[in-house]
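Asks: What follows is final.csv, CSV, C-alpha atoms.
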chain,number,residue,atom,x,y,z
F,1,MET,CA,11.5,-1.1,25.4
F,2,GLN,CA,13.6,0.3,22.5
F,3,ALA,CA,11.6,2.5,20.2
F,4,ILE,CA,12.4,5.0,17.4
F,5,VAL,CA,10.9,8.3,18.1
F,6,PHE,CA,10.4,10.9,15.4
F,7,PRO,CA,10.1,14.4,17.0
F,8,PRO,CA,8.2,17.3,15.4
F,9,LEU,CA,9.8,18.8,12.3
F,10,ASN,CA,8.2,22.2,12.3
F,11,ASN,CA,11.5,23.9,13.4
F,12,SER,CA,13.8,21.8,11.3
F,13,PRO,CA,16.0,23.4,8.7
F,14,LYS,CA,15.0,23.0,5.0
F,15,HIS,CA,16.5,19.9,3.5
F,16,GLU,CA,18.7,20.4,0.4
F,17,LEU,CA,18.3,17.9,-2.5
F,18,SER,CA,21.2,15.5,-3.0
F,19,ASP,CA,23.1,15.2,-6.3
F,20,ILE,CA,21.2,11.9,-7.2
F,21,GLN,CA,17.9,13.5,-6.4
F,22,LYS,CA,18.7,16.3,-8.7
F,23,LYS,CA,19.7,13.8,-11.4
F,24,ILE,CA,16.5,12.0,-11.0
F,25,LEU,CA,14.5,15.2,-11.4
F,26,ASP,CA,16.5,16.1,-14.5
F,27,ALA,CA,15.9,12.6,-16.1
F,28,LYS,CA,12.2,12.9,-15.3
F,29,LYS,CA,11.9,16.2,-17.1
F,30,ARG,CA,13.9,15.0,-20.1
F,31,LYS,CA,11.8,11.8,-20.4
F,32,ASN,CA,8.4,13.5,-19.7
F,33,ALA,CA,7.9,11.1,-16.8
F,34,VAL,CA,5.9,11.1,-13.6
F,35,ILE,CA,7.2,9.5,-10.4
F,36,LEU,CA,4.6,7.8,-8.3
F,37,ALA,CA,5.8,6.6,-4.9
F,38,HIS,CA,4.2,4.4,-2.3
F,39,ASN,CA,4.1,5.6,1.3
F,40,TYR,CA,6.5,2.7,2.2
F,41,VAL,CA,9.5,3.7,0.1
F,42,CYS,CA,12.5,5.7,1.4
F,43,ARG,CA,12.4,9.3,2.3
F,44,GLU,CA,14.8,10.3,-0.5
F,45,ILE,CA,12.4,9.0,-3.1
F,46,GLN,CA,9.3,10.4,-1.4
F,47,GLU,CA,10.9,13.9,-1.4
F,48,ILE,CA,11.1,14.1,-5.2
F,49,ALA,CA,8.0,12.1,-6.2
F,50,ASP,CA,5.2,13.8,-8.0
F,51,TYR,CA,2.7,11.9,-5.8
F,52,VAL,CA,3.1,9.9,-2.7
F,53,GLY,CA,0.3,7.8,-1.4
F,54,ASP,CA,-1.5,4.5,-0.9
F,55,SER,CA,-2.6,2.0,-3.5
F,56,LEU,CA,-5.9,3.7,-4.1
F,57,GLY,CA,-4.4,7.2,-4.5
F,58,LEU,CA,-1.7,5.9,-6.7
F,59,SER,CA,-4.2,4.1,-8.9
F,60,ARG,CA,-6.1,7.4,-9.4
F,61,GLN,CA,-2.9,9.3,-10.2
F,62,ALA,CA,-1.8,6.6,-12.7
F,63,LYS,CA,-5.2,6.8,-14.4
F,64,LYS,CA,-5.1,10.6,-15.0
F,65,THR,CA,-1.4,11.3,-15.8
F,66,ASN,CA,-0.4,12.9,-19.0
F,67,ALA,CA,3.2,11.8,-18.8
F,68,ASP,CA,4.6,9.4,-21.4
F,69,ILE,CA,6.5,7.4,-18.8
F,70,ILE,CA,5.4,6.3,-15.3
F,71,ALA,CA,8.2,5.5,-12.9
F,72,PHE,CA,6.6,3.5,-10.1
F,73,ALA,CA,8.5,3.4,-6.8
F,74,GLY,CA,6.8,0.5,-5.1
F,75,VAL,CA,6.3,-3.2,-5.8
F,76,ASP,CA,5.4,-5.0,-9.0
F,77,PHE,CA,1.6,-5.4,-8.5
F,78,MET,CA,1.4,-1.5,-8.2
F,79,ALA,CA,3.4,-1.0,-11.4
F,80,GLU,CA,1.2,-3.6,-13.1
F,81,THR,CA,-1.9,-1.7,-12.0
F,82,ALA,CA,-0.5,1.5,-13.5
F,83,LYS,CA,0.2,-0.4,-16.8
F,84,ILE,CA,-3.4,-1.8,-16.8
F,85,LEU,CA,-4.8,1.7,-16.5
F,86,ASN,CA,-2.3,3.1,-19.1
F,87,PRO,CA,-1.7,0.4,-21.6
F,88,SER,CA,-0.1,2.8,-24.2
F,89,LYS,CA,2.4,4.3,-21.7
F,90,THR,CA,5.8,3.0,-20.6
F,91,VAL,CA,5.7,1.9,-17.0
F,92,VAL,CA,9.0,1.2,-15.3
F,93,LEU,CA,9.9,-0.2,-11.8
F,94,PRO,CA,13.2,0.4,-10.1
F,95,ASP,CA,13.6,-3.3,-9.2
F,96,HIS,CA,11.6,-6.0,-11.0
F,97,ASN,CA,12.3,-8.3,-8.0
F,98,ALA,CA,10.2,-6.1,-5.7
F,99,GLY,CA,7.3,-8.3,-5.1
F,100,CYS,CA,4.8,-8.9,-2.3
F,101,THR,CA,4.1,-11.8,0.0
F,102,LEU,CA,0.3,-11.3,-0.4
F,103,GLU,CA,0.7,-11.6,-4.2
F,104,GLN,CA,2.9,-14.7,-3.9
F,105,LEU,CA,0.4,-16.4,-1.5
F,106,CYS,CA,-2.5,-16.2,-4.0
F,107,ASP,CA,-1.8,-18.4,-7.0
F,108,PRO,CA,-4.3,-17.7,-9.8
F,109,ILE,CA,-4.7,-21.4,-10.7
F,110,GLU,CA,-5.7,-22.1,-7.1
F,111,LEU,CA,-8.0,-19.2,-6.9
F,112,GLU,CA,-9.7,-20.2,-10.2
F,113,ALA,CA,-10.3,-23.7,-8.7
F,114,PHE,CA,-11.7,-22.2,-5.5
F,115,LYS,CA,-14.1,-20.0,-7.6
F,116,LYS,CA,-15.4,-23.2,-9.3
F,117,GLN,CA,-16.2,-24.6,-5.8
F,118,HIS,CA,-18.3,-21.5,-5.1
F,119,PRO,CA,-19.9,-20.5,-8.4
F,120,ASP,CA,-22.4,-18.2,-6.7
F,121,ALA,CA,-19.8,-16.1,-5.1
F,122,ILE,CA,-18.2,-12.9,-6.4
F,123,VAL,CA,-14.5,-12.3,-5.9
F,124,ILE,CA,-13.3,-9.1,-4.2
F,125,SER,CA,-9.5,-9.0,-4.3
F,126,TYR,CA,-7.2,-6.8,-2.4
F,127,ILE,CA,-5.1,-4.8,-4.9
F,128,ASN,CA,-2.0,-6.6,-3.4
F,129,CYS,CA,-2.3,-9.4,-6.0
F,130,SER,CA,-1.0,-10.2,-9.5
F,131,ALA,CA,-2.6,-9.1,-12.7
F,132,LYS,CA,-3.7,-12.7,-13.3
F,133,VAL,CA,-5.6,-12.7,-10.0
F,134,LYS,CA,-7.2,-9.4,-10.9
F,135,GLU,CA,-8.4,-11.1,-14.1
F,136,LEU,CA,-10.3,-13.6,-11.9
F,137,SER,CA,-11.8,-10.9,-9.7
F,138,ASP,CA,-15.1,-9.0,-9.9
F,139,ILE,CA,-13.9,-6.0,-7.8
F,140,ILE,CA,-10.5,-4.9,-6.7
F,141,CYS,CA,-10.1,-3.0,-3.4
F,142,THR,CA,-7.5,-1.3,-1.2
F,143,SER,CA,-7.2,-1.2,2.5
F,144,GLY,CA,-8.6,2.3,2.3
F,145,ASN,CA,-11.8,1.4,0.5
F,146,ALA,CA,-12.3,-2.3,1.2
F,147,LEU,CA,-14.8,-1.7,4.0
F,148,ASP,CA,-16.9,0.7,2.0
F,149,ILE,CA,-16.9,-1.6,-1.1
F,150,VAL,CA,-18.1,-4.6,0.9
F,151,LYS,CA,-20.8,-2.5,2.5
F,152,GLN,CA,-22.2,-1.8,-1.0
F,153,ILE,CA,-22.6,-5.5,-1.9
F,154,PRO,CA,-26.1,-6.9,-1.2
F,155,PRO,CA,-26.1,-8.9,2.0
F,156,GLU,CA,-27.4,-12.0,0.3
F,157,GLN,CA,-24.4,-12.0,-2.1
F,158,LYS,CA,-21.7,-14.6,-1.3
F,159,ILE,CA,-18.2,-13.1,-1.3
F,160,ILE,CA,-14.8,-14.6,-1.7
F,161,PHE,CA,-12.2,-12.2,-0.3
F,162,ALA,CA,-8.6,-12.6,-1.4
F,163,PRO,CA,-5.8,-12.7,-0.6
F,164,ASP,CA,-5.4,-11.0,2.8
F,165,GLN,CA,-7.1,-12.9,5.6
F,166,ASN,CA,-6.3,-10.2,8.1
F,167,LEU,CA,-7.9,-7.4,6.1
F,168,GLY,CA,-10.8,-9.7,5.4
F,169,SER,CA,-11.4,-10.7,9.0
F,170,TRP,CA,-11.3,-7.1,10.0
F,171,ILE,CA,-14.0,-6.3,7.5
F,172,ILE,CA,-16.1,-9.2,8.8
F,173,GLU,CA,-15.7,-7.8,12.3
F,174,GLN,CA,-16.9,-4.4,11.1
F,175,THR,CA,-19.8,-5.6,8.9
F,176,GLY,CA,-20.9,-9.0,10.2
F,177,ARG,CA,-20.5,-10.4,6.7
F,178,ASN,CA,-19.7,-14.1,6.4
F,179,MET,CA,-17.1,-13.9,3.7
F,180,LEU,CA,-14.9,-16.8,2.4
F,181,LEU,CA,-11.3,-15.7,3.2
F,182,TRP,CA,-8.2,-16.6,1.3
F,183,ASN,CA,-5.3,-17.8,3.5
F,184,GLY,CA,-2.9,-15.0,2.6
F,185,TYR,CA,-1.1,-12.5,4.8
F,186,CYS,CA,1.5,-9.7,4.7
F,187,ALA,CA,4.8,-11.1,6.1
F,188,ALA,CA,5.8,-7.7,7.4
F,189,HIS,CA,2.7,-6.8,9.4
F,190,MET,CA,2.6,-10.4,10.8
F,191,GLN,CA,5.7,-9.6,12.8
F,192,TYR,CA,3.8,-7.4,15.2
F,193,LYS,CA,2.9,-8.9,18.6
F,194,ALA,CA,0.2,-7.6,20.8
F,195,GLU,CA,2.3,-7.8,24.0
F,196,ASP,CA,5.0,-5.7,22.4
F,197,LEU,CA,2.5,-3.0,21.5
F,198,LYS,CA,0.8,-3.0,24.9
F,199,ALA,CA,4.2,-2.4,26.4
F,200,LEU,CA,4.8,0.4,24.0
F,201,LYS,CA,1.5,2.0,24.9
F,202,ASP,CA,2.5,1.8,28.6
F,203,ALA,CA,5.8,3.5,27.8
F,204,PHE,CA,4.1,6.3,25.9
F,205,VAL,CA,1.0,7.0,27.9
F,206,GLY,CA,-1.7,8.9,26.0
F,207,ALA,CA,-0.3,8.1,22.5
F,208,PRO,CA,-2.9,6.5,20.4
F,209,LEU,CA,-1.8,3.3,18.6
F,210,LEU,CA,-2.6,3.2,14.9
F,211,ALA,CA,-2.5,-0.3,13.3
F,212,HIS,CA,-2.9,-1.2,9.6
F,213,PRO,CA,-5.7,-3.8,9.0
F,214,GLU,CA,-3.1,-6.1,7.5
F,215,CYS,CA,-2.0,-6.7,11.2
F,216,PRO,CA,-3.2,-9.9,13.0
F,217,LYS,CA,-6.4,-9.7,15.0
F,218,ALA,CA,-4.6,-9.7,18.4
F,219,VAL,CA,-2.7,-6.5,17.3
F,220,ARG,CA,-5.8,-4.9,15.9
F,221,ASP,CA,-7.6,-5.5,19.2
F,222,VAL,CA,-5.1,-3.4,21.2
F,223,ALA,CA,-5.1,-0.6,18.6
F,224,ASP,CA,-6.9,2.7,19.2
F,225,CYS,CA,-7.5,3.0,15.4
F,226,VAL,CA,-7.3,0.4,12.7
F,227,CYS,CA,-6.9,2.1,9.4
F,228,SER,CA,-5.2,2.4,6.0
F,229,THR,CA,-2.1,4.6,5.7
F,230,GLU,CA,-4.2,7.5,4.2
F,231,LYS,CA,-6.6,7.4,7.1
F,232,MET,CA,-3.7,7.4,9.5
F,233,ILE,CA,-3.0,10.9,8.2
F,234,SER,CA,-6.5,12.2,8.7
F,235,PHE,CA,-6.7,10.6,12.2
F,236,CYS,CA,-3.5,12.2,13.4
F,237,LYS,CA,-4.5,15.6,11.9
F,238,GLU,CA,-7.9,15.5,13.7
F,239,SER,CA,-6.8,14.1,17.0
F,240,ASN,CA,-5.9,16.2,20.0
F,241,ALA,CA,-3.0,13.9,20.8
F,242,ASP,CA,0.5,15.3,20.2
F,243,LYS,CA,2.2,11.9,19.8
F,244,PHE,CA,1.2,8.6,18.0
F,245,ILE,CA,2.4,5.0,17.9
F,246,VAL,CA,2.4,3.8,14.3
F,247,ALA,CA,2.1,0.1,13.6
F,248,THR,CA,2.9,-0.1,9.9
F,249,VAL,CA,6.1,0.1,7.8
F,250,VAL,CA,8.3,2.8,9.4
F,251,GLU,CA,8.7,4.8,6.1
F,252,MET,CA,5.1,5.8,6.5
F,253,ILE,CA,6.3,8.2,9.2
F,254,HIS,CA,8.1,10.3,6.6
F,255,ARG,CA,4.7,11.1,5.0
F,256,LEU,CA,3.1,11.7,8.4
F,257,GLN,CA,5.9,14.1,9.4
F,258,LYS,CA,5.5,16.0,6.1
F,259,GLU,CA,1.7,16.3,6.5
F,260,ILE,CA,1.8,16.9,10.3
F,261,PRO,CA,5.2,18.5,11.2
F,262,ASP,CA,4.1,19.6,14.7
F,263,LYS,CA,3.5,16.2,16.2
F,264,THR,CA,5.6,13.3,17.4
F,265,PHE,CA,5.5,9.8,15.9
F,266,ILE,CA,6.8,6.5,17.4
F,267,ALA,CA,7.6,3.6,15.2
F,268,ALA,CA,5.8,0.5,16.7
F,269,THR,CA,8.4,-2.2,17.6
F,270,THR,CA,8.4,-5.8,16.5
F,271,SER,CA,9.9,-8.7,18.4
F,272,ASN,CA,13.2,-8.4,16.6
F,273,GLU,CA,13.5,-4.8,15.5
F,274,PRO,CA,12.8,-1.3,16.8
F,275,ALA,CA,10.9,-0.5,13.6
F,276,LEU,CA,9.2,-2.4,10.8
F,277,HIS,CA,10.5,-2.3,7.2
F,278,CYS,CA,9.2,-3.9,4.0
F,279,LYS,CA,12.1,-5.7,2.4
F,280,ASN,CA,10.5,-5.4,-1.1
F,281,MET,CA,9.9,-1.6,-0.7
F,282,GLN,CA,13.5,-1.2,0.4
F,283,MET,CA,14.5,-2.4,-3.1
F,284,ASN,CA,13.5,1.0,-4.3
F,285,THR,CA,16.6,3.1,-4.0
F,286,PRO,CA,17.4,6.5,-5.6
F,287,GLU,CA,20.1,4.8,-7.7
F,288,LYS,CA,17.7,2.3,-9.1
F,289,LEU,CA,15.1,4.9,-9.7
F,290,LEU,CA,17.6,7.0,-11.7
F,291,ALA,CA,18.7,3.9,-13.7
F,292,CYS,CA,15.1,2.9,-14.6
F,293,LEU,CA,14.4,6.4,-15.8
F,294,GLU,CA,17.5,6.7,-17.9
F,295,ASN,CA,17.3,3.1,-19.4
F,296,LEU,CA,13.5,2.7,-19.3
F,297,GLU,CA,14.1,-0.7,-17.7
F,298,PRO,CA,12.8,-2.8,-15.9
F,299,LYS,CA,9.7,-2.4,-18.0
F,300,ILE,CA,6.2,-3.7,-17.1
F,301,GLU,CA,4.9,-5.9,-20.0
F,302,LEU,CA,1.4,-7.4,-19.9
F,303,SER,CA,-0.6,-9.0,-22.7
F,304,ASP,CA,-3.6,-7.2,-24.2
F,305,GLU,CA,-5.9,-9.9,-22.9
F,306,THR,CA,-4.6,-9.6,-19.3
F,307,ILE,CA,-5.0,-5.8,-19.5
F,308,LYS,CA,-8.5,-6.0,-20.8
F,309,LYS,CA,-9.7,-8.6,-18.3
F,310,SER,CA,-8.0,-7.0,-15.2
F,311,LEU,CA,-9.1,-3.5,-16.1
F,312,ALA,CA,-12.8,-4.1,-15.4
F,313,PRO,CA,-12.5,-4.9,-11.7
F,314,ILE,CA,-10.1,-2.0,-11.2
F,315,GLU,CA,-12.5,0.3,-12.9
F,316,LYS,CA,-15.3,-1.1,-10.7
F,317,MET,CA,-13.2,-0.2,-7.7
F,318,LEU,CA,-12.7,3.3,-8.8
F,319,GLU,CA,-16.4,3.7,-9.6
F,320,MET,CA,-17.4,2.4,-6.2
F,321,SER,CA,-14.8,4.7,-4.4
F,322,LYS,CA,-15.9,8.1,-5.7
The structure given in the file should be rewritten as structure tokens.
Replies:
Amino acid sequence: MQAIVFPPLNNSPKHELSDIQKKILDAKKRKNAVILAHNYVCREIQEIADYVGDSLGLSRQAKKTNADIIAFAGVDFMAETAKILNPSKTVVLPDHNAGCTLEQLCDPIELEAFKKQHPDAIVISYINCSAKVKELSDIICTSGNALDIVKQIPPEQKIIFAPDQNLGSWIIEQTGRNMLLWNGYCAAHMQYKAEDLKALKDAFVGAPLLAHPECPKAVRDVADCVCSTEKMISFCKESNADKFIVATVVEMIHRLQKEIPDKTFIAATTSNEPALHCKNMQMNTPEKLLACLENLEPKIELSDETIKKSLAPIEKMLEMSK
């Protein structure tokens, strides 16, 4: 089976910044900006970001920044979250078309109608949703803290979990909670097939398979560890294994290599490709990042009412994740 193998980096020569990376850093300094980048964006952006992380870490960084401008290399719901946490700051996104299938599969009007059918339920929404869905939510969560948040909810409390049915079903498996799941999914992680990953494990004997909880159940069942991107890092650091199969967006391996340069990482294959990419995250290019810093466009704009209503469940998440 074809696979992309990322060997250890500990003996690699130091990488020199490209001209466009230098221009981005210059623009950042002139504009008093901070660059926040998700683990799934390209290496060129990760290398010059002030912070690279998952949605929870990025939310925390957005909340405490002193910069005037937040340039968010990610997708629109992440930049919206930064704006909700910093309503007086300018938040820009390299490409305003960078969306998310999970966000698109949870229409706020439909969720509001579903809530009315279950008036005794609270709504816990995965952060991969629009600001309008956040308005309708009681608590926001990320893949890194969803399990801990659900565990804090009294067992008699009814829960609607939206929009990711795979993350939700994994939480049910771990807790035994009978949650009402929204029928949403990540189009990228749905591409993994259990039989492909079993073959990969046979090809790389002894390499643990790490799978994101957005993966389908059949994939999670063959994984050695089901975890968020941040927990993938701690797992690989603490494991005695020297190589790992990673079943999430391949750009995550750039972060893994930076944090753990002495180990080998194998990109988990899909049925059609030797590595998984997120087409929306790929819209974040160095050229677009430079342009959004220079022009302060595309800009995230949200109404005061939306910011006020959606802030409460995000703050609740941060409070429950300390």
Asks: I need the residue nearest Thr269 of chain F from this list: F:Ala194, F:Ile35, F:Met232, F:Met252. Use all atoms listed in the file for the distance.
Replies: F:Ala194
Asks: Please work out which residues fall within 12 Å of (1.0, 10.9, 15.5), coordinates as given in the file, with all atoms listed in the file counting, and return them as number ranges by chain.
Replies: F: 5-8, 204, 206-211, 224-225, 231-247, 252-268
Asks: Show me, as a tab-separated table, the residues of segment 81-182 of chain F having an atom within 7 Å of segment 53-62 of chain F, each with the closest atom pair and its distance in Å, using all atoms listed in the file.
Replies:
residue	atom	partner	partner_atom	distance
F:Thr81	CA	F:Ser59	CA	7.0
F:Ala82	CA	F:Ala62	CA	5.3
F:Leu85	CA	F:Ala62	CA	6.9
F:Thr142	CA	F:Leu56	CA	6.0
Asks: Using all atoms listed in the file, which protein or nucleic acid residues come within 8 Å of segment 21-26 of chain F? Drop anything in the same chain fewer than 3 positions from it, and give the result as a list in words.
Replies: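 The residues satisfying every condition are Leu17, Ser18, Lys29, Arg30, Glu44, Ile45, Ile48, Pro286, Leu289, Leu290 and Leu293 of chain F.
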Asks: In Å to one decimal, how far is atom CA of Lys309 of chain F from atom CA of Asp107 of chain F?
Replies: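 Between atom CA of Asp107 of chain F and atom CA of Lys309 of chain F the gap works out to 16.9 Å.
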Asks: Would you work out the distance separating atom CA of Lys31 of chain F from atom CA of Gln46 of chain F, expressed in Å to one decimal?
Replies: 19.2 Å
